[in-house]
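Heads up, the thing below is written out as C-alpha cells.
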Amino acid sequence: MKNLLEHMGMEPDRLHFSWISSAESTKFVAVVNQITAKVKALGPNQRFVKKAAKVA
Amino acid sequence: MSTYTDKIRETAQRLLKECKVEMVIGFRKGSQPMMNEPCVVRSPEEVDQLIWDSNCGINLANYLTNRKEKIGIVAKGCDSRNIVTHIVENKIAREQLVIIGVPCLGMIDKRKIAAAADGEILSVTEADGQVMVKTAQATQTFAKSDVLQGNCSVCTHRNPVIHDEMIAEPVPEQTDVDPYADVAEIDAMTPEQRHAFFEELLAPCIRCYACRNACPLCYCPTCFVDESKPQWVGKGQDPADVRTFHFLRAYHCAGRCTDCGACQRACPVGINMRLLTKKLNKDCLELYGWEAGLSTETRPALDDYQPNDPENFIH
Amino acid sequence: MSEWEPKIVSFLCNWCSYGAADLAGVSRMEYPPNIRVVRIPCTGRMSPKFALAALREGADAVWVSG
C-alpha cells in the first residue's frame with residue numbers, strides 16, 4: 001500500500017504503520033511524537049485531497 | 001497461425017462430441033479488423049467459428065467466474081495464469097475445466113497499427129512475423145515485433161502454465177527482456193515528478209470502468225466504486241476521485257495480476273494503467289518472491305504469513 | 001489560525017495501540033494533540049479504502065497501528 005501511494009507521488013511520511021502492545025504506553029507516546037514531527041515537517045496534504053465541490 | 005486455428009477447432013470438436021465439456025470458450029472473428037471477440041461454442045457443428053490469430057488479446061479467464069458447467073477454454077500463457085488464480089480463489093474448480101493451451105507469440109496492439117496506418121483499416125493479416133495492413137489507400141507491412149502490445153513485448157510466460165491439451169509445441173520464452181523497466185523509470189523520479197506524471201497519465205480517464213470489466217480479477221459482487229454507504233470514491237472526474245479509483249483498482253490486483261494487458265487494451269482513451277499494477281507485481285516479486293498464477297499449490301503472497309516477511313515499514 | 005497543525009488520522013487496534021493510548025492517558029503522559037483516533041476491532045479490519053478516505057477528506061497523514 002505504502003509503496004504504491006509513493007509510486008503515485010505521495011510523500012513517504014504521510015502513511016505510518018506501527019506495532020505497539022497495550023502495555024507500551026511509552027512507545028505510544030514516542031511514536032506519536034515522532035509521527036507528528038515528521039508530518040509537521042511535510043506541511044499540509046495537497047495530493048490526495050478531494051477539493052470541496054464548487055458551486056456552479 | 002492457421003494451423004493453430006485448425007487444431008483448436010479439431011480439439012473443440014472432439015471435446016464436444018465426446019461430451020467431455022458442455023461448452024468451449026474461444027475467439028471468433030469480430031465485426032471489425034483486429035477486434036476478435038470471445039465466443040461460446042456449445043455444439044460440434046459450431047466449432048468452425050473458432051479462430052486464432054494475433055488479435056486474441058482479451059483474457060478469457062474473465063468468463064469462468066462462478067460457472068457451474070464443464071468448460072473447455074482456449075488459454076494462452078496469461079489466460080492460463082488467470083485460470084490458476086481463479087482456481088486458487090475458488091471461483092472455478094479444476095475438475096470443471098479442460099484447458100486447451102495455446103503457446104502465444106504476443107498480441108498486436110491495435111492502437112499502434114491505427115496510429116501507423118494511413119486512413120481507415122480494412123483488413124489486417126499476418127504471416128511469418130509480418131503484419132499486413134490494408135487501408136483504402138495502400139497496403140502497409142509492419143514487423144510484428146514492432147506492433148506488439150506493451151505487455152506482450154516484455155512477457156516471460158508465453159506458454160500456458162496449466163493445460164490438458166496443447167495445440168502446438170511450446171514456444172521459447174523471452175529471457176532478455178526487463179518487464180519492469182518502465183516502473184524503474186518512475187521509481188527514479190522525485191515524489192513531485194511522480195505526482196505530476198500520474199496526474200497527466202490519468203487525466204483523460206472518463207471513469208467508464210472498462211478496465212475493471214475486462215479484468216479477470218475484478219469479480220466482486222459489489223465493486224467498491226458502486227458502494228454508496230459509505231461512498232469510498234466520488235463518481236465524477238475529479239482528479240482525486242480518478243486517482244482513488246485507479247489506486248484501489250490496482251491495489252485489489254496486488255499479488256494477483258498477471259499483466260495480461262486486458263485493462264489497457266479495453267481502455268477507450270488508452271491509459272496505461274498497467275504502470276500501477278506492474279509496480280505491485282514488481283514489489284511482490286522483490287519482497288515475497290511471488291509471481292501470480294504459476295501454481296495451484298501455493299497460497300498468494302498477500303494471503304500468507306511467513307516469519308521472514310519484510311516488516312521494515314513498521315515502526 | 002496562528003500556526004498550522006497537522007491532522008493525523010490514526011487507526012488503532014482495540015487490543016494493542018488503543019490499549020496503549022488508554023494506558024498513556026491513565027498514566028498522565030503528554031503527547032501532541034494532532035492525532036484523531038479511530039478505534040478498529042483489530043488491525044485486520046483495516047482496509048486501504050479507509051486510508052484513502054481519510055486522505056480524501058483532508059487528513060494530513062494516516063497512521064495504522066496494531
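Ligands are numbered from 1 in the order shown, chains are lettered A, B, ... in the order of the C-alpha cells, and residues start at 1 in each chain.
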Chain C residues near chain B (9 Å cut-off, only C-alpha atoms) as a list of chain:residue names: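 Listing them in order of chain and number gives C:Pro48, C:Lys49, C:Phe50, C:Leu52, C:Ala53, C:Arg56, C:Ser65.
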Listing only residues of chain A within 6 Å of chain C, what is the closest atom pair and its distance in Å (to one decimal) for each, using only C-alpha atoms, sorted by chain and residue number ascending, as JSON lines?
```
{"residue": "A:Arg14", "atom": "CA", "partner": "C:Ala61", "partner_atom": "CA", "distance": 4.4}
{"residue": "A:Leu15", "atom": "CA", "partner": "C:Val62", "partner_atom": "CA", "distance": 4.9}
{"residue": "A:His16", "atom": "CA", "partner": "C:Trp63", "partner_atom": "CA", "distance": 4.6}
{"residue": "A:Phe17", "atom": "CA", "partner": "C:Val64", "partner_atom": "CA", "distance": 4.8}
{"residue": "A:Ser18", "atom": "CA", "partner": "C:Ser65", "partner_atom": "CA", "distance": 4.6}
{"residue": "A:Trp19", "atom": "CA", "partner": "C:Gly66", "partner_atom": "CA", "distance": 4.8}
{"residue": "A:Ile20", "atom": "CA", "partner": "C:Ser17", "partner_atom": "CA", "distance": 5.3}
{"residue": "A:Ser21", "atom": "CA", "partner": "C:Cys16", "partner_atom": "CA", "distance": 4.7}
{"residue": "A:Ser22", "atom": "CA", "partner": "C:Ala20", "partner_atom": "CA", "distance": 4.1}
{"residue": "A:Ala23", "atom": "CA", "partner": "C:Ala20", "partner_atom": "CA", "distance": 5.7}
{"residue": "A:Glu24", "atom": "CA", "partner": "C:Ala20", "partner_atom": "CA", "distance": 5.6}
{"residue": "A:Ser25", "atom": "CA", "partner": "C:Ala20", "partner_atom": "CA", "distance": 4.6}
{"residue": "A:Val29", "atom": "CA", "partner": "C:Tyr31", "partner_atom": "CA", "distance": 5.7}
{"residue": "A:Pro44", "atom": "CA", "partner": "C:Asp60", "partner_atom": "CA", "distance": 5.7}
{"residue": "A:Asn45", "atom": "CA", "partner": "C:Asp60", "partner_atom": "CA", "distance": 4.7}
{"residue": "A:Phe48", "atom": "CA", "partner": "C:Arg56", "partner_atom": "CA", "distance": 5.5}
{"residue": "A:Val49", "atom": "CA", "partner": "C:Arg56", "partner_atom": "CA", "distance": 4.1}
{"residue": "A:Lys50", "atom": "CA", "partner": "C:Arg56", "partner_atom": "CA", "distance": 5.0}
```
Can you check which parts of chain B lie within 7 Å of chain A? Per residue, the shortest pair of atoms and distance in Å to one decimal, counting only C-alpha atoms, sorted by chain and number, as a Markdown table.
```
| residue | atom | partner | partner_atom | distance |
| --- | --- | --- | --- | --- |
| B:Asp187 | CA | A:His7 | CA | 6.7 |
| B:Pro191 | CA | A:Gly9 | CA | 4.4 |
| B:Glu192 | CA | A:Gly9 | CA | 6.2 |
| B:Arg194 | CA | A:Gly9 | CA | 4.6 |
| B:His195 | CA | A:Gly9 | CA | 4.0 |
| B:Phe198 | CA | A:Met8 | CA | 6.2 |
| B:Ala240 | CA | A:Lys50 | CA | 5.3 |
| B:Leu280 | CA | A:Leu4 | CA | 7.0 |
| B:Phe313 | CA | A:Phe17 | CA | 6.6 |
| B:Ile314 | CA | A:Ser18 | CA | 4.7 |
| B:His315 | CA | A:Ser18 | CA | 4.5 |
```
All residues 10 Å or closer to Cys155 of chain B, only C-alpha atoms, same chain fewer than 2 positions away omitted, as number ranges by chain: B: 77-78, 104-106, 149-153, 157-158, 173-175, 177-179, 258-260
Filtering to all heavy atoms, could you give me those residues as a short mmCIF file (atom, residue, chain, number, x, y, z; two decimals), in the first residue's frame?
```
data_model
loop_
_atom_site.label_atom_id
_atom_site.label_comp_id
_atom_site.auth_asym_id
_atom_site.auth_seq_id
_atom_site.Cartn_x
_atom_site.Cartn_y
_atom_site.Cartn_z
N GLY B 77 -0.71 -18.04 -22.52
CA GLY B 77 0.05 -18.00 -21.27
C GLY B 77 -0.63 -17.23 -20.16
O GLY B 77 -0.86 -17.75 -19.06
N CYS B 78 -1.02 -15.97 -20.45
CA CYS B 78 -1.58 -15.14 -19.38
C CYS B 78 -2.97 -15.65 -18.95
O CYS B 78 -3.30 -15.65 -17.77
CB CYS B 78 -1.64 -13.68 -19.81
SG CYS B 78 -2.26 -13.39 -21.45
N CYS B 104 1.85 -18.76 -27.07
CA CYS B 104 1.49 -17.45 -27.62
C CYS B 104 2.74 -16.69 -28.02
O CYS B 104 3.75 -16.73 -27.32
CB CYS B 104 0.71 -16.69 -26.54
SG CYS B 104 0.39 -14.98 -26.92
N LEU B 105 2.68 -16.02 -29.16
CA LEU B 105 3.81 -15.22 -29.59
C LEU B 105 3.52 -13.72 -29.48
O LEU B 105 4.15 -12.89 -30.11
CB LEU B 105 4.19 -15.57 -31.03
CG LEU B 105 4.92 -16.92 -31.16
CD1 LEU B 105 5.03 -17.33 -32.60
CD2 LEU B 105 6.29 -16.86 -30.52
N GLY B 106 2.52 -13.41 -28.69
CA GLY B 106 2.23 -12.00 -28.47
C GLY B 106 1.05 -11.53 -29.30
O GLY B 106 0.75 -12.07 -30.36
N GLN B 149 1.57 -5.61 -28.27
CA GLN B 149 1.10 -4.93 -27.07
C GLN B 149 2.27 -4.79 -26.11
O GLN B 149 3.14 -5.65 -26.03
CB GLN B 149 0.02 -5.78 -26.39
CG GLN B 149 -1.34 -5.61 -27.00
CD GLN B 149 -2.42 -6.37 -26.25
OE1 GLN B 149 -3.52 -6.46 -26.75
NE2 GLN B 149 -2.14 -6.93 -25.10
N GLY B 150 2.23 -3.70 -25.33
CA GLY B 150 3.33 -3.44 -24.40
C GLY B 150 3.62 -4.62 -23.49
O GLY B 150 4.78 -4.99 -23.26
N ASN B 151 2.55 -5.22 -22.97
CA ASN B 151 2.79 -6.32 -22.04
C ASN B 151 3.31 -7.56 -22.74
O ASN B 151 4.06 -8.34 -22.16
CB ASN B 151 1.51 -6.64 -21.27
CG ASN B 151 0.41 -7.13 -22.19
OD1 ASN B 151 0.16 -6.54 -23.22
ND2 ASN B 151 -0.22 -8.22 -21.82
N CYS B 152 2.94 -7.75 -24.01
CA CYS B 152 3.41 -8.93 -24.74
C CYS B 152 4.88 -8.83 -25.07
O CYS B 152 5.60 -9.82 -25.09
CB CYS B 152 2.61 -9.12 -26.02
SG CYS B 152 0.89 -9.50 -25.71
N SER B 153 5.36 -7.61 -25.35
CA SER B 153 6.75 -7.48 -25.74
C SER B 153 7.68 -7.75 -24.57
O SER B 153 8.86 -8.02 -24.76
CB SER B 153 7.02 -6.11 -26.35
OG SER B 153 6.67 -5.11 -25.45
N HIS B 157 6.04 -15.33 -19.76
CA HIS B 157 5.27 -16.57 -19.59
C HIS B 157 4.36 -16.76 -20.79
O HIS B 157 3.15 -16.63 -20.68
CB HIS B 157 4.45 -16.53 -18.29
CG HIS B 157 5.29 -16.49 -17.06
ND1 HIS B 157 5.87 -17.61 -16.52
CD2 HIS B 157 5.69 -15.47 -16.28
CE1 HIS B 157 6.57 -17.29 -15.46
NE2 HIS B 157 6.47 -15.99 -15.28
N ARG B 158 4.95 -17.07 -21.92
CA ARG B 158 4.15 -17.19 -23.14
C ARG B 158 3.44 -18.52 -23.24
O ARG B 158 2.41 -18.65 -23.88
CB ARG B 158 5.05 -17.02 -24.35
CG ARG B 158 5.65 -15.64 -24.45
CD ARG B 158 6.70 -15.64 -25.50
NE ARG B 158 6.64 -14.41 -26.27
CZ ARG B 158 7.33 -14.20 -27.38
NH1 ARG B 158 8.12 -15.15 -27.85
NH2 ARG B 158 7.21 -13.07 -28.02
N GLU B 173 10.60 -19.04 -24.39
CA GLU B 173 10.26 -17.88 -23.56
C GLU B 173 11.29 -16.78 -23.79
O GLU B 173 12.46 -17.05 -24.06
CB GLU B 173 10.28 -18.27 -22.07
CG GLU B 173 9.23 -19.29 -21.67
CD GLU B 173 7.82 -18.73 -21.63
OE1 GLU B 173 7.64 -17.53 -21.94
OE2 GLU B 173 6.90 -19.49 -21.32
N GLN B 174 10.85 -15.54 -23.65
CA GLN B 174 11.79 -14.43 -23.77
C GLN B 174 12.59 -14.33 -22.48
O GLN B 174 12.01 -14.35 -21.39
CB GLN B 174 11.04 -13.12 -24.00
CG GLN B 174 10.05 -13.17 -25.14
CD GLN B 174 9.49 -11.81 -25.46
OE1 GLN B 174 9.97 -11.12 -26.34
NE2 GLN B 174 8.48 -11.40 -24.71
N THR B 175 13.89 -14.24 -22.60
CA THR B 175 14.70 -14.15 -21.39
C THR B 175 15.46 -12.84 -21.31
O THR B 175 15.95 -12.46 -20.26
CB THR B 175 15.72 -15.30 -21.33
OG1 THR B 175 16.37 -15.38 -22.60
CG2 THR B 175 15.04 -16.62 -21.02
N VAL B 177 14.36 -9.79 -21.70
CA VAL B 177 13.55 -8.58 -21.53
C VAL B 177 13.50 -8.20 -20.06
O VAL B 177 13.62 -9.04 -19.19
CB VAL B 177 12.11 -8.78 -22.06
CG1 VAL B 177 12.13 -8.89 -23.56
CG2 VAL B 177 11.46 -10.00 -21.43
N ASP B 178 13.36 -6.92 -19.80
CA ASP B 178 13.17 -6.45 -18.43
C ASP B 178 11.75 -5.94 -18.30
O ASP B 178 11.44 -4.84 -18.75
CB ASP B 178 14.18 -5.35 -18.12
CG ASP B 178 13.95 -4.77 -16.74
OD1 ASP B 178 13.21 -5.39 -15.95
OD2 ASP B 178 14.50 -3.69 -16.44
N PRO B 179 10.86 -6.74 -17.70
CA PRO B 179 9.45 -6.35 -17.65
C PRO B 179 9.22 -5.07 -16.87
O PRO B 179 8.22 -4.40 -17.04
CB PRO B 179 8.77 -7.53 -16.95
CG PRO B 179 9.75 -8.64 -16.93
CD PRO B 179 11.10 -8.04 -17.05
N THR B 258 -1.59 -10.72 -13.61
CA THR B 258 -0.64 -11.47 -14.44
C THR B 258 -0.13 -10.62 -15.59
O THR B 258 0.52 -11.13 -16.49
CB THR B 258 -1.31 -12.73 -15.01
OG1 THR B 258 -2.44 -12.33 -15.77
CG2 THR B 258 -1.77 -13.65 -13.91
N ASP B 259 -0.44 -9.34 -15.57
CA ASP B 259 -0.03 -8.41 -16.62
C ASP B 259 -0.48 -8.91 -17.99
O ASP B 259 0.31 -8.98 -18.93
CB ASP B 259 1.48 -8.18 -16.59
CG ASP B 259 1.86 -6.90 -17.32
OD1 ASP B 259 1.01 -5.99 -17.37
OD2 ASP B 259 2.99 -6.81 -17.82
N CYS B 260 -1.77 -9.27 -18.08
CA CYS B 260 -2.29 -9.77 -19.36
C CYS B 260 -2.61 -8.62 -20.30
O CYS B 260 -2.81 -8.81 -21.49
CB CYS B 260 -3.54 -10.62 -19.14
SG CYS B 260 -4.98 -9.69 -18.59
#
```
In chain C, DSSP helix (DSSP H, G or I) residues written as a ChimeraX atom specification: /C:17-26,43-45,48-56
Generate the output file for the selected residues, C-alpha atoms, as an mmCIF file, in the first residue's frame.
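File produced: out.cif:
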```cif
data_model
loop_
_atom_site.group_PDB
_atom_site.id
_atom_site.type_symbol
_atom_site.label_atom_id
_atom_site.label_comp_id
_atom_site.auth_asym_id
_atom_site.auth_seq_id
_atom_site.Cartn_x
_atom_site.Cartn_y
_atom_site.Cartn_z
ATOM 1 C CA SER C 17 -2.393 0.538 20.425
ATOM 2 C CA TYR C 18 -5.783 1.667 21.676
ATOM 3 C CA GLY C 19 -4.899 -0.004 24.977
ATOM 4 C CA ALA C 20 -1.535 1.712 24.882
ATOM 5 C CA ALA C 21 -3.251 5.063 24.278
ATOM 6 C CA ASP C 22 -5.558 4.365 27.200
ATOM 7 C CA LEU C 23 -2.629 3.479 29.410
ATOM 8 C CA ALA C 24 -0.798 6.604 28.311
ATOM 9 C CA GLY C 25 -3.860 8.615 29.385
ATOM 10 C CA VAL C 26 -4.190 6.839 32.713
ATOM 11 C CA THR C 43 -5.805 -4.276 12.640
ATOM 12 C CA GLY C 44 -7.235 -6.932 10.344
ATOM 13 C CA ARG C 45 -10.274 -4.652 9.966
ATOM 14 C CA PRO C 48 -6.771 0.598 2.082
ATOM 15 C CA LYS C 49 -10.131 2.292 1.492
ATOM 16 C CA PHE C 50 -10.019 3.755 4.997
ATOM 17 C CA ALA C 51 -6.638 5.322 4.487
ATOM 18 C CA LEU C 52 -7.634 6.801 1.136
ATOM 19 C CA ALA C 53 -10.958 8.050 2.518
ATOM 20 C CA ALA C 54 -9.115 9.816 5.333
ATOM 21 C CA LEU C 55 -6.698 11.456 2.923
ATOM 22 C CA ARG C 56 -9.519 12.432 0.561
#
```
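Across the model, the gap from atom CA of Val98 of chain B to atom CA of Ile73 of chain B is 6.4 Å.
Atom pair atom CA of Glu199 of chain B / atom CA of Pro216 of chain B: separated by 26.3 Å.
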Option closest in space to Lys112 of chain B, from B:Cys267, B:Ala184, B:Leu148, B:Val74 [counting only C-alpha atoms]: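 Closest to Lys112 of chain B, using only C-alpha atoms: B:Leu148.
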DSSP strand (DSSP E) selection over chain C, as number ranges by chain: C: 8-13, 35-40, 61-65
Dump all heavy atoms for the selected residues as a tab-separated table (two decimals), in the first residue's frame?
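Now in again.tsv:
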```tsv
chain	number	residue	atom	x	y	z
C	8	ILE	N	-3.70	14.02	12.00
C	8	ILE	CA	-3.23	12.67	11.70
C	8	ILE	C	-4.33	11.69	12.09
C	8	ILE	O	-4.63	11.53	13.27
C	8	ILE	CB	-1.94	12.35	12.48
C	8	ILE	CG1	-0.87	13.39	12.15
C	8	ILE	CG2	-1.45	10.95	12.14
C	8	ILE	CD1	0.33	13.34	13.05
C	9	VAL	N	-4.94	11.09	11.09
C	9	VAL	CA	-5.99	10.11	11.38
C	9	VAL	C	-5.33	8.79	11.76
C	9	VAL	O	-4.52	8.25	11.01
C	9	VAL	CB	-6.93	9.93	10.19
C	9	VAL	CG1	-7.94	8.84	10.47
C	9	VAL	CG2	-7.65	11.23	9.90
C	10	SER	N	-5.65	8.32	12.96
C	10	SER	CA	-4.97	7.13	13.48
C	10	SER	C	-5.95	5.98	13.61
C	10	SER	O	-6.98	6.11	14.26
C	10	SER	CB	-4.37	7.41	14.85
C	10	SER	OG	-3.73	8.66	14.83
C	11	PHE	N	-5.64	4.89	12.98
C	11	PHE	CA	-6.46	3.69	13.11
C	11	PHE	C	-5.77	2.76	14.11
C	11	PHE	O	-4.71	2.21	13.84
C	11	PHE	CB	-6.62	3.00	11.75
C	11	PHE	CG	-7.39	3.83	10.77
C	11	PHE	CD1	-6.73	4.72	9.93
C	11	PHE	CD2	-8.77	3.76	10.71
C	11	PHE	CE1	-7.43	5.50	9.03
C	11	PHE	CE2	-9.48	4.54	9.81
C	11	PHE	CZ	-8.82	5.41	8.97
C	12	LEU	N	-6.36	2.66	15.30
C	12	LEU	CA	-5.71	1.90	16.37
C	12	LEU	C	-6.48	0.63	16.67
C	12	LEU	O	-7.70	0.63	16.83
C	12	LEU	CB	-5.62	2.76	17.64
C	12	LEU	CG	-4.94	4.12	17.51
C	12	LEU	CD1	-4.80	4.76	18.88
C	12	LEU	CD2	-3.58	3.99	16.85
C	13	CYS	N	-5.76	-0.45	16.80
C	13	CYS	CA	-6.34	-1.73	17.16
C	13	CYS	C	-6.83	-1.67	18.60
C	13	CYS	O	-6.13	-1.20	19.49
C	13	CYS	CB	-5.29	-2.82	17.00
C	13	CYS	SG	-5.66	-4.31	17.92
C	35	ILE	N	-3.34	13.87	16.82
C	35	ILE	CA	-3.92	12.62	16.30
C	35	ILE	C	-5.42	12.56	16.55
C	35	ILE	O	-5.94	13.08	17.53
C	35	ILE	CB	-3.22	11.37	16.88
C	35	ILE	CG1	-3.43	11.24	18.39
C	35	ILE	CG2	-1.75	11.35	16.55
C	35	ILE	CD1	-3.05	9.87	18.90
C	36	ARG	N	-6.12	12.00	15.56
C	36	ARG	CA	-7.57	11.76	15.67
C	36	ARG	C	-7.75	10.26	15.63
C	36	ARG	O	-7.46	9.63	14.62
C	36	ARG	CB	-8.31	12.39	14.50
C	36	ARG	CG	-8.01	13.86	14.28
C	36	ARG	CD	-8.66	14.73	15.36
C	36	ARG	NE	-8.52	16.14	15.05
C	36	ARG	CZ	-7.45	16.87	15.37
C	36	ARG	NH1	-6.43	16.31	15.99
C	36	ARG	NH2	-7.40	18.14	15.07
C	37	VAL	N	-8.20	9.70	16.74
C	37	VAL	CA	-8.18	8.24	16.85
C	37	VAL	C	-9.46	7.61	16.32
C	37	VAL	O	-10.57	8.06	16.64
C	37	VAL	CB	-7.97	7.82	18.32
C	37	VAL	CG1	-7.99	6.31	18.45
C	37	VAL	CG2	-6.65	8.37	18.82
C	38	VAL	N	-9.33	6.61	15.49
C	38	VAL	CA	-10.44	5.75	15.10
C	38	VAL	C	-10.14	4.38	15.66
C	38	VAL	O	-9.09	3.80	15.35
C	38	VAL	CB	-10.58	5.67	13.56
C	38	VAL	CG1	-11.73	4.74	13.19
C	38	VAL	CG2	-10.78	7.04	12.96
C	39	ARG	N	-11.03	3.89	16.50
C	39	ARG	CA	-10.76	2.57	17.08
C	39	ARG	C	-11.28	1.49	16.14
C	39	ARG	O	-12.45	1.52	15.75
C	39	ARG	CB	-11.43	2.46	18.45
C	39	ARG	CG	-11.22	1.09	19.06
C	39	ARG	CD	-11.62	1.05	20.50
C	39	ARG	NE	-13.07	1.18	20.67
C	39	ARG	CZ	-13.72	0.81	21.78
C	39	ARG	NH1	-13.05	0.30	22.79
C	39	ARG	NH2	-15.00	0.97	21.87
C	40	ILE	N	-10.45	0.55	15.79
C	40	ILE	CA	-10.90	-0.57	14.98
C	40	ILE	C	-10.75	-1.85	15.81
C	40	ILE	O	-9.88	-1.94	16.67
C	40	ILE	CB	-10.13	-0.67	13.64
C	40	ILE	CG1	-8.63	-0.62	13.84
C	40	ILE	CG2	-10.56	0.41	12.69
C	40	ILE	CD1	-7.84	-0.76	12.55
C	61	ALA	N	-2.12	13.06	7.37
C	61	ALA	CA	-1.38	11.80	7.39
C	61	ALA	C	-2.27	10.71	7.96
C	61	ALA	O	-3.30	11.00	8.58
C	61	ALA	CB	-0.11	11.92	8.22
C	62	VAL	N	-1.91	9.49	7.69
C	62	VAL	CA	-2.64	8.35	8.22
C	62	VAL	C	-1.66	7.47	8.99
C	62	VAL	O	-0.53	7.26	8.55
C	62	VAL	CB	-3.29	7.54	7.08
C	62	VAL	CG1	-3.90	6.25	7.60
C	62	VAL	CG2	-4.34	8.37	6.38
C	63	TRP	N	-2.12	7.01	10.14
C	63	TRP	CA	-1.27	6.15	10.95
C	63	TRP	C	-2.06	4.91	11.31
C	63	TRP	O	-3.16	5.00	11.84
C	63	TRP	CB	-0.84	6.93	12.20
C	63	TRP	CG	-0.08	6.11	13.20
C	63	TRP	CD1	0.74	5.07	12.95
C	63	TRP	CD2	-0.10	6.27	14.63
C	63	TRP	NE1	1.25	4.57	14.12
C	63	TRP	CE2	0.76	5.29	15.16
C	63	TRP	CE3	-0.74	7.17	15.48
C	63	TRP	CZ2	0.98	5.16	16.53
C	63	TRP	CZ3	-0.52	7.04	16.85
C	63	TRP	CH2	0.34	6.05	17.36
C	64	VAL	N	-1.51	3.77	10.96
C	64	VAL	CA	-2.15	2.50	11.29
C	64	VAL	C	-1.29	1.82	12.33
C	64	VAL	O	-0.09	1.66	12.14
C	64	VAL	CB	-2.24	1.59	10.05
C	64	VAL	CG1	-2.97	0.30	10.39
C	64	VAL	CG2	-2.93	2.30	8.91
C	65	SER	N	-1.92	1.43	13.44
C	65	SER	CA	-1.10	0.81	14.47
C	65	SER	C	-1.78	-0.39	15.08
C	65	SER	O	-2.94	-0.34	15.48
C	65	SER	CB	-0.77	1.83	15.55
C	65	SER	OG	0.15	1.25	16.45
```
